[in-house]
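Trainee: Just one file: data-v3.cif, with mmCIF, C-alpha atoms.
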data_model
loop_
_atom_site.label_atom_id
_atom_site.label_comp_id
_atom_site.auth_asym_id
_atom_site.auth_seq_id
_atom_site.Cartn_x
_atom_site.Cartn_y
_atom_site.Cartn_z
CA MET A 1 0.00 0.00 0.00
CA ASP A 2 1.64 3.21 -1.21
CA GLY A 3 0.19 6.68 -1.05
CA LEU A 4 -1.06 9.60 0.98
CA VAL A 5 -3.69 9.82 3.71
CA LEU A 6 -5.31 13.16 4.52
CA VAL A 7 -6.00 13.31 8.26
CA ASP A 8 -7.83 16.05 10.17
CA LYS A 9 -5.87 16.22 13.44
CA PRO A 10 -7.85 17.12 16.57
CA ALA A 11 -6.45 19.28 19.35
CA GLY A 12 -4.57 17.47 22.09
CA LYS A 13 -3.03 14.83 19.84
CA THR A 14 0.49 14.91 18.48
CA SER A 15 1.34 14.40 14.84
CA HIS A 16 3.10 11.20 15.88
CA ASP A 17 -0.07 9.99 17.63
CA LEU A 18 -2.11 10.44 14.45
CA THR A 19 0.53 8.84 12.24
CA LEU A 20 0.69 5.79 14.49
CA ALA A 21 -3.11 5.53 14.65
CA THR A 22 -3.33 5.74 10.86
CA ARG A 23 -0.66 3.08 10.40
CA ARG A 24 -2.47 0.70 12.74
CA ALA A 25 -5.91 1.37 11.22
CA LEU A 26 -4.61 0.65 7.71
CA ALA A 27 -2.49 -2.30 8.88
CA VAL A 28 0.65 -1.00 7.17
CA ARG A 29 4.14 -1.60 8.47
CA LYS A 30 5.55 1.89 8.12
CA ALA A 31 4.15 5.41 7.91
CA GLY A 32 5.43 8.93 8.32
CA HIS A 33 4.07 12.43 8.10
CA ALA A 34 4.99 15.55 6.12
CA GLY A 35 4.93 18.50 8.50
CA THR A 36 4.39 18.54 12.25
CA LEU A 37 1.39 20.23 13.83
CA ASP A 38 1.65 21.42 17.43
CA PRO A 39 -0.48 19.42 19.92
CA PHE A 40 -2.86 22.36 20.47
CA ALA A 41 -3.30 22.82 16.70
CA THR A 42 -5.85 21.11 14.48
CA GLY A 43 -6.18 20.50 10.78
CA LEU A 44 -4.56 18.82 7.84
CA LEU A 45 -1.82 16.30 8.47
CA LEU A 46 -0.31 14.45 5.51
CA VAL A 47 0.41 10.84 6.47
CA LEU A 48 2.64 8.93 4.06
CA VAL A 49 2.48 5.17 3.75
CA GLY A 50 4.67 2.77 1.81
CA ARG A 51 6.83 4.19 -0.94
CA ALA A 52 5.22 7.62 -0.55
CA ARG A 53 7.54 8.13 2.44
CA ARG A 54 10.39 8.50 -0.04
CA ALA A 55 8.83 11.76 -1.24
CA GLN A 56 8.51 13.23 2.27
CA ARG A 57 10.78 16.23 1.68
CA PHE A 58 8.89 17.29 -1.43
CA LEU A 59 5.54 17.18 0.36
CA MET A 60 7.00 19.01 3.37
CA ALA A 61 8.18 21.81 1.06
CA LEU A 62 4.63 22.61 -0.11
CA PRO A 63 3.09 25.94 0.95
CA LYS A 64 0.61 25.92 3.85
CA THR A 65 -2.61 27.76 4.70
CA TYR A 66 -3.69 28.40 8.29
CA VAL A 67 -6.53 30.05 10.15
CA THR A 68 -5.55 31.25 13.62
CA VAL A 69 -7.24 33.05 16.49
CA ALA A 70 -4.98 35.28 18.56
CA ARG A 71 -5.41 36.67 22.03
CA LEU A 72 -4.29 40.27 22.26
CA GLY A 73 -2.92 42.08 25.28
CA ALA A 74 -1.08 39.03 26.63
CA VAL A 75 2.04 37.02 25.88
CA SER A 76 2.93 33.33 26.16
CA THR A 77 6.35 31.78 26.68
CA THR A 78 5.52 29.22 23.99
CA GLY A 79 3.36 31.42 21.76
CA ASP A 80 0.33 29.23 22.43
CA PRO A 81 -2.07 28.32 25.30
CA GLU A 82 0.35 25.73 26.71
CA GLY A 83 2.93 28.27 27.85
CA GLU A 84 3.16 30.60 30.81
CA ILE A 85 0.69 33.40 30.15
CA VAL A 86 1.34 37.01 31.21
CA GLU A 87 -1.44 39.54 30.73
CA THR A 88 -0.04 42.91 29.74
CA GLY A 89 -3.23 44.72 28.77
CA VAL A 90 -1.32 46.33 25.89
CA LEU A 91 -3.36 45.84 22.73
CA PRO A 92 -1.61 45.98 19.36
CA PRO A 93 -2.75 48.86 17.12
CA ASP A 94 -5.90 48.63 15.01
CA PRO A 95 -5.52 48.22 12.11
CA LEU A 96 -2.55 45.89 12.48
CA VAL A 97 0.43 45.90 10.15
CA LEU A 98 0.42 42.39 8.66
CA PRO A 99 3.72 41.65 6.89
CA THR A 100 3.84 39.77 3.58
CA GLY A 101 6.64 38.79 1.26
CA VAL A 102 9.98 37.59 2.59
CA VAL A 103 9.90 37.83 6.38
CA ARG A 104 12.82 37.36 8.76
CA GLN A 105 11.60 35.42 11.77
CA ARG A 106 12.97 33.56 14.75
CA PRO A 107 11.21 30.23 15.47
CA PRO A 108 9.92 29.83 19.05
CA ILE A 109 12.29 28.24 21.56
CA PHE A 110 9.55 25.65 22.11
CA SER A 111 9.77 24.31 18.56
CA ALA A 112 11.14 21.26 16.78
CA VAL A 113 13.97 23.22 15.19
CA ARG A 114 17.33 21.57 15.88
CA VAL A 115 19.91 23.62 17.78
CA GLN A 116 23.34 21.99 18.03
CA GLY A 117 21.87 18.61 17.18
CA ARG A 118 18.93 18.66 19.61
CA ARG A 119 15.37 19.90 19.36
CA ALA A 120 14.97 23.42 20.69
CA TYR A 121 12.01 22.43 22.88
CA GLU A 122 14.10 19.67 24.52
CA ARG A 123 16.72 22.18 25.56
CA ALA A 124 14.10 24.73 26.67
CA ARG A 125 12.33 22.18 28.89
CA LEU A 126 15.65 21.45 30.61
CA GLY A 127 15.98 25.13 31.43
CA GLU A 128 18.85 25.67 29.02
CA ALA A 129 19.33 29.04 27.33
CA VAL A 130 18.27 28.50 23.72
CA GLU A 131 19.19 30.79 20.85
CA VAL A 132 17.21 29.71 17.78
CA PRO A 133 18.73 31.15 14.58
CA GLU A 134 16.61 33.53 12.52
CA ARG A 135 15.61 32.53 9.01
CA ASP A 136 13.78 33.86 6.00
CA VAL A 137 10.26 32.61 5.24
CA THR A 138 7.69 33.84 2.73
CA VAL A 139 4.22 35.01 3.68
CA TYR A 140 1.99 35.07 0.59
CA ARG A 141 -1.16 36.26 2.34
CA PHE A 142 -1.83 37.65 5.82
CA GLU A 143 -5.41 38.78 6.24
CA GLN A 144 -7.36 39.77 9.34
CA LEU A 145 -10.73 38.04 9.29
CA TRP A 146 -12.22 39.75 12.34
CA ARG A 147 -11.29 41.51 15.57
CA GLU A 148 -13.43 41.71 18.69
CA GLY A 149 -12.08 42.93 22.04
CA ASP A 150 -8.93 40.99 22.85
CA ARG A 151 -9.42 38.41 20.09
CA ALA A 152 -8.58 38.53 16.39
CA ALA A 153 -8.62 35.90 13.64
CA PHE A 154 -6.26 35.71 10.68
CA LEU A 155 -5.89 33.79 7.42
CA ILE A 156 -2.25 33.07 6.60
CA GLU A 157 -0.76 31.51 3.46
CA CYS A 158 2.96 30.90 3.82
CA SER A 159 5.97 28.91 2.78
CA SER A 160 7.11 25.73 4.44
CA GLY A 161 9.06 26.41 7.64
CA THR A 162 6.96 29.40 8.70
CA TYR A 163 5.96 29.51 12.37
CA VAL A 164 2.53 31.10 12.73
CA ARG A 165 3.15 31.45 16.47
CA SER A 166 6.08 33.74 15.68
CA LEU A 167 4.10 35.76 13.14
CA ILE A 168 1.42 36.42 15.76
CA ALA A 169 3.90 37.16 18.58
CA ASP A 170 5.67 39.67 16.31
CA LEU A 171 2.44 41.69 16.01
CA GLY A 172 2.92 42.90 19.58
CA ASP A 173 1.51 41.53 22.81
CA ALA A 174 -0.31 38.53 21.32
CA TYR A 175 -0.25 34.76 21.12
CA CYS A 176 -2.16 31.98 19.34
CA VAL A 177 -5.10 30.47 21.17
CA GLU A 178 -6.32 28.46 18.16
CA LEU A 179 -4.47 27.27 15.08
CA ARG A 180 -5.89 25.24 12.23
CA ARG A 181 -4.08 24.14 9.04
CA THR A 182 -6.58 24.10 6.21
CA ARG A 183 -4.39 23.38 3.17
CA VAL A 184 -1.04 21.90 2.24
CA GLY A 185 -0.23 22.57 -1.41
CA PRO A 186 -3.18 21.21 -3.42
CA PHE A 187 -4.57 19.18 -0.51
CA ASP A 188 -7.52 20.51 1.52
CA VAL A 189 -8.63 19.52 5.02
CA GLU A 190 -12.21 19.30 3.70
CA ASP A 191 -11.12 16.18 1.79
CA ALA A 192 -9.63 14.47 4.85
CA ASP A 193 -10.54 10.80 5.22
CA PRO A 194 -8.30 8.62 7.43
CA THR A 195 -9.62 5.47 5.74
CA GLN A 196 -8.67 6.47 2.19
CA VAL A 197 -5.19 6.15 0.71
CA LEU A 198 -4.64 8.43 -2.27
CA PRO A 199 -2.59 6.54 -4.89
CA LEU A 200 1.06 7.51 -5.24
CA GLU A 201 0.56 9.31 -8.56
CA GLN A 202 -2.28 11.39 -7.10
CA ALA A 203 -0.21 12.12 -4.00
CA LEU A 204 2.51 13.54 -6.26
CA SER A 205 0.14 15.38 -8.60
CA PHE A 206 1.72 18.73 -7.64
CA LEU A 207 4.84 17.73 -9.59
CA PRO A 208 4.96 18.23 -13.39
CA ARG A 209 4.71 14.86 -15.19
CA VAL A 210 6.97 13.50 -17.89
CA ALA A 211 5.76 10.30 -19.58
CA LEU A 212 8.39 7.79 -20.67
CA ASP A 213 8.32 4.84 -23.06
CA ALA A 214 9.19 1.35 -21.85
CA ASP A 215 12.91 1.60 -22.61
CA ALA A 216 13.40 5.00 -20.97
CA GLY A 217 11.21 3.89 -18.07
CA TRP A 218 13.45 0.86 -17.45
CA ARG A 219 16.56 3.06 -17.41
CA ALA A 220 14.96 5.63 -15.10
CA ALA A 221 13.84 2.87 -12.74
CA HIS A 222 17.49 1.87 -12.46
CA GLY A 223 18.60 5.41 -11.65
CA GLN A 224 19.94 6.26 -15.10
CA PRO A 225 19.40 9.72 -16.65
CA VAL A 226 16.91 9.87 -19.50
CA SER A 227 16.31 12.41 -22.23
CA GLY A 228 13.57 14.91 -21.54
CA THR A 229 12.72 18.41 -20.42
CA PRO A 230 10.22 19.68 -17.84
CA PRO A 231 6.83 20.72 -19.26
CA GLU A 232 6.66 24.29 -20.55
CA GLY A 233 6.31 26.81 -17.78
CA SER A 234 7.71 24.54 -15.08
CA SER A 235 11.15 24.15 -13.55
CA GLY A 236 12.73 21.99 -10.93
CA GLU A 237 11.83 18.40 -10.15
CA VAL A 238 9.43 16.36 -12.27
CA LEU A 239 7.61 13.06 -11.83
CA LEU A 240 8.63 10.39 -14.32
CA VAL A 241 5.80 7.98 -15.18
CA ASP A 242 5.04 5.16 -17.58
CA GLY A 243 2.06 2.90 -18.17
CA ASP A 244 2.53 1.33 -14.74
CA GLY A 245 2.55 4.64 -12.84
CA PRO A 246 5.27 6.65 -11.05
CA ILE A 247 8.87 5.66 -11.65
CA ALA A 248 10.91 8.35 -9.96
CA ILE A 249 11.24 12.01 -9.10
CA ALA A 250 13.92 13.51 -11.31
CA GLU A 251 15.75 16.81 -11.58
CA PRO A 252 16.85 18.52 -14.81
CA ARG A 253 20.49 18.25 -15.77
CA ASP A 254 22.55 19.80 -18.55
CA GLY A 255 22.03 18.31 -21.99
CA ALA A 256 18.22 18.00 -21.70
CA LEU A 257 18.56 15.11 -19.28
CA LEU A 258 16.39 14.16 -16.30
CA LYS A 259 18.27 12.47 -13.47
CA PRO A 260 16.22 10.30 -11.07
CA ILE A 261 16.86 11.31 -7.45
CA VAL A 262 14.06 9.40 -5.70
CA GLY A 263 12.90 6.05 -7.07
CA PHE A 264 9.60 4.25 -6.53
CA ARG A 265 10.34 0.93 -8.21
CA ALA A 266 11.91 -2.02 -6.41
#
Output the file's structure as structure tokens, nothing else.

Mentor:
Amino acid sequence: MDGLVLVDKPAGKTSHDLTLATRRALAVRKAGHAGTLDPFATGLLLVLVGRARRAQRFLMALPKTYVTVARLGAVSTTGDPEGEIVETGVLPPDPLVLPTGVVRQRPPIFSAVRVQGRRAYERARLGEAVEVPERDVTVYRFEQLWREGDRAAFLIECSSGTYVRSLIADLGDAYCVELRRTRVGPFDVEDADPTQVLPLEQALSFLPRVALDADAGWRAAHGQPVSGTPPEGSSGEVLLVDGDGPIAIAEPRDGALLKPIVGFRA
């Protein structure tokens, strides 16, 4: 069984919990997920089973869409309801300045980012001083949906690696009280069904396709470069397919060649 399962994660469960539950329910030996959701968060979790796990990094790189509710006039040590809350009574200005484009942000110390080989949250829980490096992320859309008293809701479309908790904390005295991931690339939480495995080719539908004949397909399946160019208007990795389905993910090389970098055949 190879493919992708769209799971709607409830609050209070970890991404690992949902991945394990999905693996057991489908009776598959191995499963992974493409993008962690915090325990307090809800929404779309991509669970990969079988050979789909080989494409994890490509699925993780897809853009994300979130809806979040922030509490204003207070701060949290973790940026969410699970941290130590301090009420400041200082409300951010109205209207808020909502940054888009390339944004320099520092992930929360209570995050899964690795610092000197260990997760930042592991060091923070031990009371260690944690300095999480800043990094550039891209915010495509940052829209206020409503604001009432000390609450405000936002719609955020962003690149992989963006921490919504940091975006909200950077608005002023604010932290996330609710966070829901509604989309990952072309996949929508409205289509979530933990009992359905999307076939591998459908799971990789976001990649441009290049169809190969039997001879080229055999060579690609054995890791050999094949002649071909990405479809017009596309660049980067492509999905090589033949009559039997996906063969490999390949990247363009000089000389109009496509070099397989992730294979899906035995």

Trainee: Within 8 Å of Arg104 (chain A), counting all atoms listed in the file, which residues qualify if same-chain residues fewer than 4 places away don't, as a VMD selection string?

Mentor: chain A and resid 134 to 137

Trainee: Write the residues of the preceding selection, restricted to C-alpha atoms, as a CSV table (one decimal), in the frame of the given file.

Mentor:
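Output file selection.csv follows:
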chain,number,residue,atom,x,y,z
A,134,GLU,CA,16.6,33.5,12.5
A,135,ARG,CA,15.6,32.5,9.0
A,136,ASP,CA,13.8,33.9,6.0
A,137,VAL,CA,10.3,32.6,5.2

Trainee: Using the chain letters and residue numbers of this document, give as a list of chain:residue names the residues selected by the PyMOL selection byres ((chain A and resi 81) around 9).

Mentor: A:Phe40, A:Ser76, A:Thr78, A:Gly79, A:Asp80, A:Glu82, A:Gly83, A:Glu84, A:Ile85, A:Tyr175, A:Cys176, A:Val177, A:Glu178

Trainee: List the residues selected by the PyMOL selection byres ((chain A and resi 139-151) around 9) in the file shown, writing them as JSON, numbers by chain.

Mentor: {"A": [65, 69, 70, 71, 72, 73, 74, 91, 94, 96, 98, 99, 100, 101, 102, 103, 137, 138, 152, 153, 154, 155, 156, 157, 158, 159, 162]}

Trainee: Name all residues at most 9 Å from Leu200 (chain A) (count only C-alpha atoms; drop same-chain ones fewer than 6 positions away) and give them as a VMD selection string.

Mentor: chain A and resid 2 to 4 51 to 52 245 to 246

Trainee: Can you write out the residues you just picked, keeping C-alpha atoms, as a short mmCIF file (atom, residue, chain, number, x, y, z; two decimals), in the frame of the given file?

Mentor:
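Result file is selection_18.cif:
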data_model
loop_
_atom_site.label_atom_id
_atom_site.label_comp_id
_atom_site.auth_asym_id
_atom_site.auth_seq_id
_atom_site.Cartn_x
_atom_site.Cartn_y
_atom_site.Cartn_z
CA ASP A 2 1.64 3.21 -1.21
CA GLY A 3 0.19 6.68 -1.05
CA LEU A 4 -1.06 9.60 0.98
CA ARG A 51 6.83 4.19 -0.94
CA ALA A 52 5.22 7.62 -0.55
CA GLY A 245 2.55 4.64 -12.84
CA PRO A 246 5.27 6.65 -11.05
#

Trainee: Could you give me, as a PyMOL selection string, the residues that have an atom at most 12 Å away from the point (1.3, 4.7, 11.6) in the coordinates of the file, using only C-alpha atoms?

Mentor: chain A and resi 4-5+7+15-33+46-50+53+194

Trainee: When you count all atoms listed in the file, which of these residues is closest to Pro95 (chain A): A:Leu59, A:Gly243, A:Val75, A:Leu171?

Mentor: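 With all atoms listed in the file as the atom set, the closest residue is A:Leu171.
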
Trainee: If the PyMOL selection byres ((chain A and resi 9) around 6) is run on the structure shown, which residues does it catch, given as a list in words?

Mentor: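 When the PyMOL selection byres ((chain A and resi 9) around 6) is applied, the selected residues are Val7, Asp8, Pro10, Thr42 and Gly43 of chain A.
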
Trainee: So the first atom is CA of Leu207 (chain A) and the second is CA of Val226 (chain A); what is the distance between them in Å, to one decimal place?

Mentor: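 Taking CA of Leu207 (chain A) and CA of Val226 (chain A), their separation equals 17.5 Å.
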
Trainee: CA of Ile249 (chain A) and CA of Val262 (chain A) are how many Å apart?

Mentor: 5.1 Å

Trainee: Report the distance between CA of Leu45 (chain A) and CA of Ser235 (chain A) in Å, rounded to one decimal place.

Mentor: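 CA of Leu45 (chain A) sits 26.7 Å away from CA of Ser235 (chain A).
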
Trainee: Could you name the residues that touch Asp244 (chain A) at 12 Å or less, counting only C-alpha atoms, but leaving out those on the same chain fewer than 5 positions away, as a list in words?

Mentor: Leu200, Glu201, Ala211, Leu212, Asp213, Ala214, Gly217, Trp218, Ala221, Phe264 and Arg265 of chain A

Trainee: Counting only C-alpha atoms, which of A:Arg180, A:Arg165, A:Arg253, A:Lys64 gets nearest to Ala11 (chain A)?

Mentor: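 Result for the nearest residue to Ala11 (chain A): A:Arg180.
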
Trainee: For Thr182 (chain A), which residue out of A:Pro225, A:Pro260, A:Pro63, A:Pro93 is the nearest one, using only C-alpha atoms?

Mentor: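 That would be A:Pro63, the residue with the smallest distance to Thr182 (chain A).
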
Trainee: I'd like the neighbourhood of Gly228 (chain A) as a PyMOL selection string, where a residue qualifies if any of its atoms comes within 7 Å (using all atoms listed in the file), though same-chain residues fewer than 4 positions away should be ignored.

Mentor: chain A and resi 256-258

Trainee: Give me the residues within 9 Å of Asp38 (chain A) as an mmCIF file with C-alpha atoms, in the frame of the given file, counting all atoms listed in the file and dropping any in the same chain fewer than 5 places off.

Mentor:
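After the write, out_4.cif holds the following:
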data_model
loop_
_atom_site.group_PDB
_atom_site.id
_atom_site.type_symbol
_atom_site.label_atom_id
_atom_site.label_comp_id
_atom_site.auth_asym_id
_atom_site.auth_seq_id
_atom_site.Cartn_x
_atom_site.Cartn_y
_atom_site.Cartn_z
ATOM 1 C CA ALA A 11 -6.450 19.280 19.350
ATOM 2 C CA GLY A 12 -4.570 17.470 22.090
ATOM 3 C CA LYS A 13 -3.030 14.830 19.840
ATOM 4 C CA THR A 14 0.490 14.910 18.480
ATOM 5 C CA SER A 15 1.340 14.400 14.840
ATOM 6 C CA SER A 111 9.770 24.310 18.560
ATOM 7 C CA LEU A 179 -4.470 27.270 15.080
#
